[in-house]
Amino acid sequence: MRFHFALTLQALWTGVCQAAMQHYPAAAWGHYDVCKSQVYSDEGLTWDYMACQPEAADMTQYLKVTLDPPNITCGDPPETYCALENPYMCNNECDATTEELAHPPGLMFDTEGRNPTTFWQSTSWKKYPKPLLVNITLSWNKTIELTEDIVLTFESGRPEQMVLEKSLDYGRTWQPYQFYATDCLDAFTMEPKTVQDLTQHTLLDIICTEDYSRGYVWKNDKTVRFEIKDRFALFAGPRLHNMASLYGQLDTTKKLRDFFTITDLRIRLLRPATGATMVDENNLSRYFYAISDIKVQGRCKCNLHANSCVYDKEKLSCECEHNTTGPDCGRCKRNYQGRAWSAGSYLPIPKGTANICIPSNIGPVIRPNVSSLGVANRKEVAPQVALSTAPSVHVANSKRARVCDNELLRCQNGGTCISNVRCNCPPGYTGLLCEKRRCESELGGCGGPDSGQAHLTPPSTSRLLLLLLLGSALLREASCRPAVL
């Protein structure tokens, strides 16, 4: 019977070890969706801080779009267009005064999958040979970190010349992201390259590619990309399994981090698709730009100090944690300037380092950071504040901090939670969650004659055996837990 129980316990612990080894699979690294959690320490219930960031989202929901020149959208006056592949099929009308025939800029960001497809459309190239130039500027009024490829879908044939640009200072200055052309040497005096030609050392190089302009199969080749994930893969591997390598580079190389960070994007359309080597001057209504969709996937940049970003009054801002403040959590809150502000760090995987701001009147204290398995896996500078001795801890750490609730932080031993801020303990118990017997602090302890508690009885043989088995299992934990990078 006892032998069978020991085997069952060993099998159960083996399963726990296997689960622990799969707890942070490489493909799932980098979520960083929790900023802090409450853990028990020698000082009581305290906060364990972690680097955190908002989930990636469709950032086109939050942008402002500007076109230059402002009157470049078709429909004023109404105009009839011919199909690029058939100059005699001229049945496409654009009229800004009729909803069904209008093609305003907002249609670049509406829900796709409609039939017929909706799209923005420019005026035709009726002023040829003067260039048909259009600037489409996407502004967020917030720093954004790109997480997926930027994808443009054209309905008029992809442009023969185009530049994608970025700004990091809200449109005051611009830098090219990538050049696109049917002939890079002729258009921009640049050798044609692809993202596959880049290496870790040349990742920041600005290239001109012919992949998205050359060839005229307009019905099938509609998209133009700026490849974010292919650049990530130079450090993280083809399937982005080695995210620790990428995060290490992002942590230590500011230029790399800034490369994937924007406040604005600008699409410069320089020459429309012609489908031939010569422009048909007798039918210029064939030549125009039309974009049905723009995809920009990313997250608010919060310097690893927030896991959510709110959109209020047409503006994005981080909901800052770690006693930080500002649109990007870029400075310490008032009265929390006990040391200089610092961005969070992705390392060590998987929780990173929070680098919280500490109260101005409390010096930094090194305390171990306790992981979810209860083992110290890194150290972090943090204020040594126990919840049980800081009634204003909700203000000091987060407005959403809770001492108790009815789900995860339940009051123990029959206590009841009062407004999520304290436990009302029954007679005989005390502590933040009613976890301590009151007699432990009395003269004579819980075994004293005046304690009101029954004397402790020595454990039985079976209980001692169970404790020995558990102790043995805990010793095996070190051998089955994976090393934390």
# chains A, B, ... in the order shown; residues from 1 in each chain; ligands from 1
call {"tool": "select_by_dssp", "arguments": {"residues": "range 103-190 of chain A", "states": "strand (DSSP E or B)", "output": "ChimeraX atom specification"}}
result
/A:120-122,134-146,150-154,161-167,175-181
call {"tool": "closest_atom_pairs", "arguments": {"of": "range 203-281 of chain A", "to": "range 122-137 of chain A", "cutoff": "12 Å", "atoms": "only C-alpha atoms", "output": "tab-separated table"}}
result
residue	atom	partner	partner_atom	distance
A:Thr263	CA	A:Thr137	CA	10.7
A:Asp264	CA	A:Thr137	CA	7.0
A:Leu265	CA	A:Thr137	CA	5.8
A:Arg266	CA	A:Thr137	CA	4.3
A:Ile267	CA	A:Ile136	CA	5.0
A:Arg268	CA	A:Asn135	CA	4.7
A:Leu269	CA	A:Val134	CA	5.1
A:Leu270	CA	A:Leu133	CA	5.0
A:Arg271	CA	A:Leu132	CA	6.2
A:Pro272	CA	A:Leu132	CA	7.4
A:Ala273	CA	A:Trp125	CA	10.8
A:Thr274	CA	A:Trp125	CA	10.6
A:Met278	CA	A:Pro129	CA	11.6
A:Val279	CA	A:Tyr128	CA	9.0
A:Asp280	CA	A:Tyr128	CA	10.0
A:Glu281	CA	A:Tyr128	CA	7.7
call {"tool": "atom_distance", "arguments": {"atom1": "CA of Trp174 in chain A", "atom2": "CA of Asn71 in chain A"}}
result
23.0 Å
call {"tool": "residues_around", "arguments": {"residues": "Ile356 in chain A", "least_positions_apart": "4", "cutoff": "12 Å", "atoms": "only C-alpha atoms", "output": "NGL selection string"}}
result
:A and (35-36 or 47-52 or 303-306 or 320-325 or 329-333 or 336-345 or 352 or 364 or 380-383 or 396-397)
call {"tool": "residues_around", "arguments": {"residues": "Cys94 in chain A", "least_positions_apart": "3", "cutoff": "8 Å", "atoms": "only C-alpha atoms", "output": "PyMOL selection string"}}
result
chain A and resi 74-75+78-81+101-103
call {"tool": "write_last_selection", "arguments": {"atoms": "all heavy atoms", "output": "PDB file, in the first residue's frame"}}
result
ATOM      1  N   CYS A  74     -10.101  60.978 -56.118  1.00  0.00           N
ATOM      2  CA  CYS A  74     -10.967  61.103 -57.292  1.00  0.00           C
ATOM      3  C   CYS A  74     -12.392  61.499 -56.898  1.00  0.00           C
ATOM      4  O   CYS A  74     -12.775  61.391 -55.736  1.00  0.00           O
ATOM      5  CB  CYS A  74     -11.001  59.788 -58.054  1.00  0.00           C
ATOM      6  SG  CYS A  74     -11.863  58.443 -57.190  1.00  0.00           S
ATOM      7  N   GLY A  75     -13.160  61.951 -57.888  1.00  0.00           N
ATOM      8  CA  GLY A  75     -14.592  62.183 -57.678  1.00  0.00           C
ATOM      9  C   GLY A  75     -15.014  63.626 -57.634  1.00  0.00           C
ATOM     10  O   GLY A  75     -16.209  63.927 -57.594  1.00  0.00           O
ATOM     11  N   PRO A  78     -16.506  64.476 -60.985  1.00  0.00           N
ATOM     12  CA  PRO A  78     -16.653  63.050 -61.325  1.00  0.00           C
ATOM     13  C   PRO A  78     -15.794  62.691 -62.534  1.00  0.00           C
ATOM     14  O   PRO A  78     -15.542  63.519 -63.410  1.00  0.00           O
ATOM     15  CB  PRO A  78     -18.145  62.908 -61.626  1.00  0.00           C
ATOM     16  CG  PRO A  78     -18.782  64.031 -60.872  1.00  0.00           C
ATOM     17  CD  PRO A  78     -17.804  65.165 -60.922  1.00  0.00           C
ATOM     18  N   GLU A  79     -15.326  61.437 -62.511  1.00  0.00           N
ATOM     19  CA  GLU A  79     -14.412  60.999 -63.562  1.00  0.00           C
ATOM     20  C   GLU A  79     -14.674  59.528 -63.878  1.00  0.00           C
ATOM     21  O   GLU A  79     -15.026  58.744 -63.000  1.00  0.00           O
ATOM     22  CB  GLU A  79     -12.969  61.197 -63.084  1.00  0.00           C
ATOM     23  CG  GLU A  79     -11.921  61.032 -64.155  1.00  0.00           C
ATOM     24  CD  GLU A  79     -10.523  61.392 -63.647  1.00  0.00           C
ATOM     25  OE1 GLU A  79     -10.402  61.843 -62.482  1.00  0.00           O
ATOM     26  OE2 GLU A  79      -9.550  61.214 -64.404  1.00  0.00           O
ATOM     27  N   THR A  80     -14.500  59.171 -65.154  1.00  0.00           N
ATOM     28  CA  THR A  80     -14.638  57.778 -65.585  1.00  0.00           C
ATOM     29  C   THR A  80     -13.249  57.207 -65.861  1.00  0.00           C
ATOM     30  O   THR A  80     -12.411  57.865 -66.489  1.00  0.00           O
ATOM     31  CB  THR A  80     -15.509  57.680 -66.846  1.00  0.00           C
ATOM     32  OG1 THR A  80     -16.803  58.214 -66.567  1.00  0.00           O
ATOM     33  CG2 THR A  80     -15.663  56.221 -67.282  1.00  0.00           C
ATOM     34  N   TYR A  81     -13.048  55.974 -65.392  1.00  0.00           N
ATOM     35  CA  TYR A  81     -11.742  55.330 -65.500  1.00  0.00           C
ATOM     36  C   TYR A  81     -11.823  54.104 -66.400  1.00  0.00           C
ATOM     37  O   TYR A  81     -12.856  53.417 -66.466  1.00  0.00           O
ATOM     38  CB  TYR A  81     -11.235  54.905 -64.127  1.00  0.00           C
ATOM     39  CG  TYR A  81     -10.906  56.066 -63.219  1.00  0.00           C
ATOM     40  CD1 TYR A  81     -11.903  56.748 -62.542  1.00  0.00           C
ATOM     41  CD2 TYR A  81      -9.598  56.488 -63.088  1.00  0.00           C
ATOM     42  CE1 TYR A  81     -11.601  57.829 -61.732  1.00  0.00           C
ATOM     43  CE2 TYR A  81      -9.281  57.569 -62.273  1.00  0.00           C
ATOM     44  CZ  TYR A  81     -10.292  58.235 -61.600  1.00  0.00           C
ATOM     45  OH  TYR A  81      -9.989  59.311 -60.808  1.00  0.00           O
ATOM     46  N   LEU A 101     -20.353  55.510 -55.361  1.00  0.00           N
ATOM     47  CA  LEU A 101     -19.308  55.743 -56.361  1.00  0.00           C
ATOM     48  C   LEU A 101     -18.099  56.490 -55.804  1.00  0.00           C
ATOM     49  O   LEU A 101     -17.139  56.746 -56.527  1.00  0.00           O
ATOM     50  CB  LEU A 101     -19.887  56.538 -57.546  1.00  0.00           C
ATOM     51  CG  LEU A 101     -21.066  55.884 -58.279  1.00  0.00           C
ATOM     52  CD1 LEU A 101     -21.589  56.825 -59.361  1.00  0.00           C
ATOM     53  CD2 LEU A 101     -20.652  54.549 -58.897  1.00  0.00           C
ATOM     54  N   ALA A 102     -18.138  56.831 -54.517  1.00  0.00           N
ATOM     55  CA  ALA A 102     -17.040  57.582 -53.901  1.00  0.00           C
ATOM     56  C   ALA A 102     -15.951  56.634 -53.414  1.00  0.00           C
ATOM     57  O   ALA A 102     -16.215  55.480 -53.051  1.00  0.00           O
ATOM     58  CB  ALA A 102     -17.571  58.424 -52.748  1.00  0.00           C
ATOM     59  N   HIS A 103     -14.717  57.130 -53.392  1.00  0.00           N
ATOM     60  CA  HIS A 103     -13.562  56.329 -52.940  1.00  0.00           C
ATOM     61  C   HIS A 103     -12.703  57.144 -51.990  1.00  0.00           C
ATOM     62  O   HIS A 103     -11.542  57.457 -52.282  1.00  0.00           O
ATOM     63  CB  HIS A 103     -12.745  55.860 -54.142  1.00  0.00           C
ATOM     64  CG  HIS A 103     -13.490  54.959 -55.067  1.00  0.00           C
ATOM     65  ND1 HIS A 103     -13.733  53.635 -54.785  1.00  0.00           N
ATOM     66  CD2 HIS A 103     -14.086  55.209 -56.263  1.00  0.00           C
ATOM     67  CE1 HIS A 103     -14.420  53.087 -55.779  1.00  0.00           C
ATOM     68  NE2 HIS A 103     -14.653  54.028 -56.686  1.00  0.00           N
TER      69      HIS A 103
END
call {"tool": "select_by_dssp", "arguments": {"residues": "range 158-189 of chain A", "states": "alpha helix (DSSP H)", "output": "list in words"}}
result
Cys184, Leu185, Asp186, Ala187 and Phe188 of chain A
call {"tool": "atom_distance", "arguments": {"atom1": "CA of Ala56 in chain A", "atom2": "CA of Ile291 in chain A"}}
result
23.8 Å
call {"tool": "atom_distance", "arguments": {"atom1": "CA of Thr252 in chain A", "atom2": "CA of Pro176 in chain A"}}
result
23.5 Å
call {"tool": "closest_residue", "arguments": {"among": "A:Asp221, A:Asp312, A:Glu148, A:Asp42", "to": "Met59 in chain A", "atoms": "only C-alpha atoms"}}
result
A:Glu148
call {"tool": "residues_around", "arguments": {"residues": "range 190-196 of chain A", "least_positions_apart": "6", "cutoff": "10 Å", "atoms": "only C-alpha atoms", "output": "ChimeraX atom specification"}}
result
/A:179-184,203,205-211,226-228,230-231,234
call {"tool": "residues_around", "arguments": {"residues": "Lys295 in chain A", "least_positions_apart": "6", "cutoff": "10 Å", "atoms": "only C-alpha atoms", "output": "list of chain:residue names"}}
result
A:Asp58, A:Met59, A:Thr60, A:Met108, A:Phe109, A:Glu148, A:Asp149, A:Ile150, A:Val151, A:Leu152, A:Thr153, A:Arg225
call {"tool": "write_last_selection", "arguments": {"atoms": "N, CA, C and O atoms", "output": "compact mmCIF listing (two decimals), in the first residue's frame"}}
result
# COMPACT_ATOMS: atom_id res chain seq x y z
N ASP A 58 -4.17 45.63 -34.29
CA ASP A 58 -4.29 46.31 -35.58
C ASP A 58 -4.24 47.81 -35.32
O ASP A 58 -5.20 48.41 -34.86
N MET A 59 -3.11 48.44 -35.61
CA MET A 59 -2.92 49.84 -35.28
C MET A 59 -3.61 50.80 -36.23
O MET A 59 -3.65 52.00 -35.99
N THR A 60 -4.18 50.29 -37.33
CA THR A 60 -4.89 51.18 -38.25
C THR A 60 -6.20 51.68 -37.66
O THR A 60 -6.81 52.61 -38.20
N MET A 108 -9.39 52.65 -47.14
CA MET A 108 -8.15 51.87 -47.04
C MET A 108 -8.08 51.10 -45.72
O MET A 108 -7.23 50.22 -45.56
N PHE A 109 -8.96 51.45 -44.76
CA PHE A 109 -8.86 50.87 -43.42
C PHE A 109 -10.16 50.23 -42.96
O PHE A 109 -10.29 49.89 -41.79
N GLU A 148 4.54 43.03 -37.02
CA GLU A 148 4.23 42.22 -38.20
C GLU A 148 4.60 43.02 -39.45
O GLU A 148 4.85 44.23 -39.40
N ASP A 149 4.60 42.34 -40.59
CA ASP A 149 4.87 43.01 -41.86
C ASP A 149 3.85 44.11 -42.12
O ASP A 149 2.65 43.96 -41.81
N ILE A 150 4.30 45.22 -42.68
CA ILE A 150 3.39 46.25 -43.21
C ILE A 150 2.97 45.79 -44.59
O ILE A 150 3.81 45.47 -45.44
N VAL A 151 1.66 45.75 -44.84
CA VAL A 151 1.15 45.21 -46.10
C VAL A 151 0.19 46.22 -46.73
O VAL A 151 -0.79 46.63 -46.10
N LEU A 152 0.46 46.59 -47.98
CA LEU A 152 -0.43 47.45 -48.76
C LEU A 152 -1.03 46.62 -49.88
O LEU A 152 -0.32 45.88 -50.56
N THR A 153 -2.34 46.74 -50.07
CA THR A 153 -3.02 46.00 -51.14
C THR A 153 -3.55 47.00 -52.16
O THR A 153 -4.37 47.87 -51.82
N ARG A 225 4.92 44.75 -49.56
CA ARG A 225 5.24 44.47 -48.16
C ARG A 225 6.51 45.18 -47.72
O ARG A 225 7.43 45.41 -48.52
call {"tool": "closest_residue", "arguments": {"among": "A:Pro348, A:Asn335, A:Gly275, A:Thr118", "to": "Gly248 in chain A", "atoms": "only C-alpha atoms"}}
result
A:Pro348
call {"tool": "residues_around", "arguments": {"residues": "Cys302 in chain A", "least_positions_apart": "5", "cutoff": "9 Å", "atoms": "only C-alpha atoms", "output": "list of chain:residue names"}}
result
A:Cys52, A:Gln53, A:Pro54, A:Thr143, A:Ile144, A:Asn307, A:Ser308, A:Cys309, A:Ser317, A:Cys318, A:Glu319, A:Cys320, A:Pro327, A:Asp328, A:Cys329, A:Gly330, A:Ala343
call {"tool": "closest_residue", "arguments": {"among": "A:Phe260, A:Tyr311, A:Phe232, A:Tyr289", "to": "Gln200 in chain A", "atoms": "only C-alpha atoms"}}
result
A:Phe232
call {"tool": "closest_residue", "arguments": {"among": "A:Ile294, A:Ala236, A:Ala83, A:Leu168", "to": "Thr111 in chain A", "atoms": "only C-alpha atoms"}}
result
A:Ile294
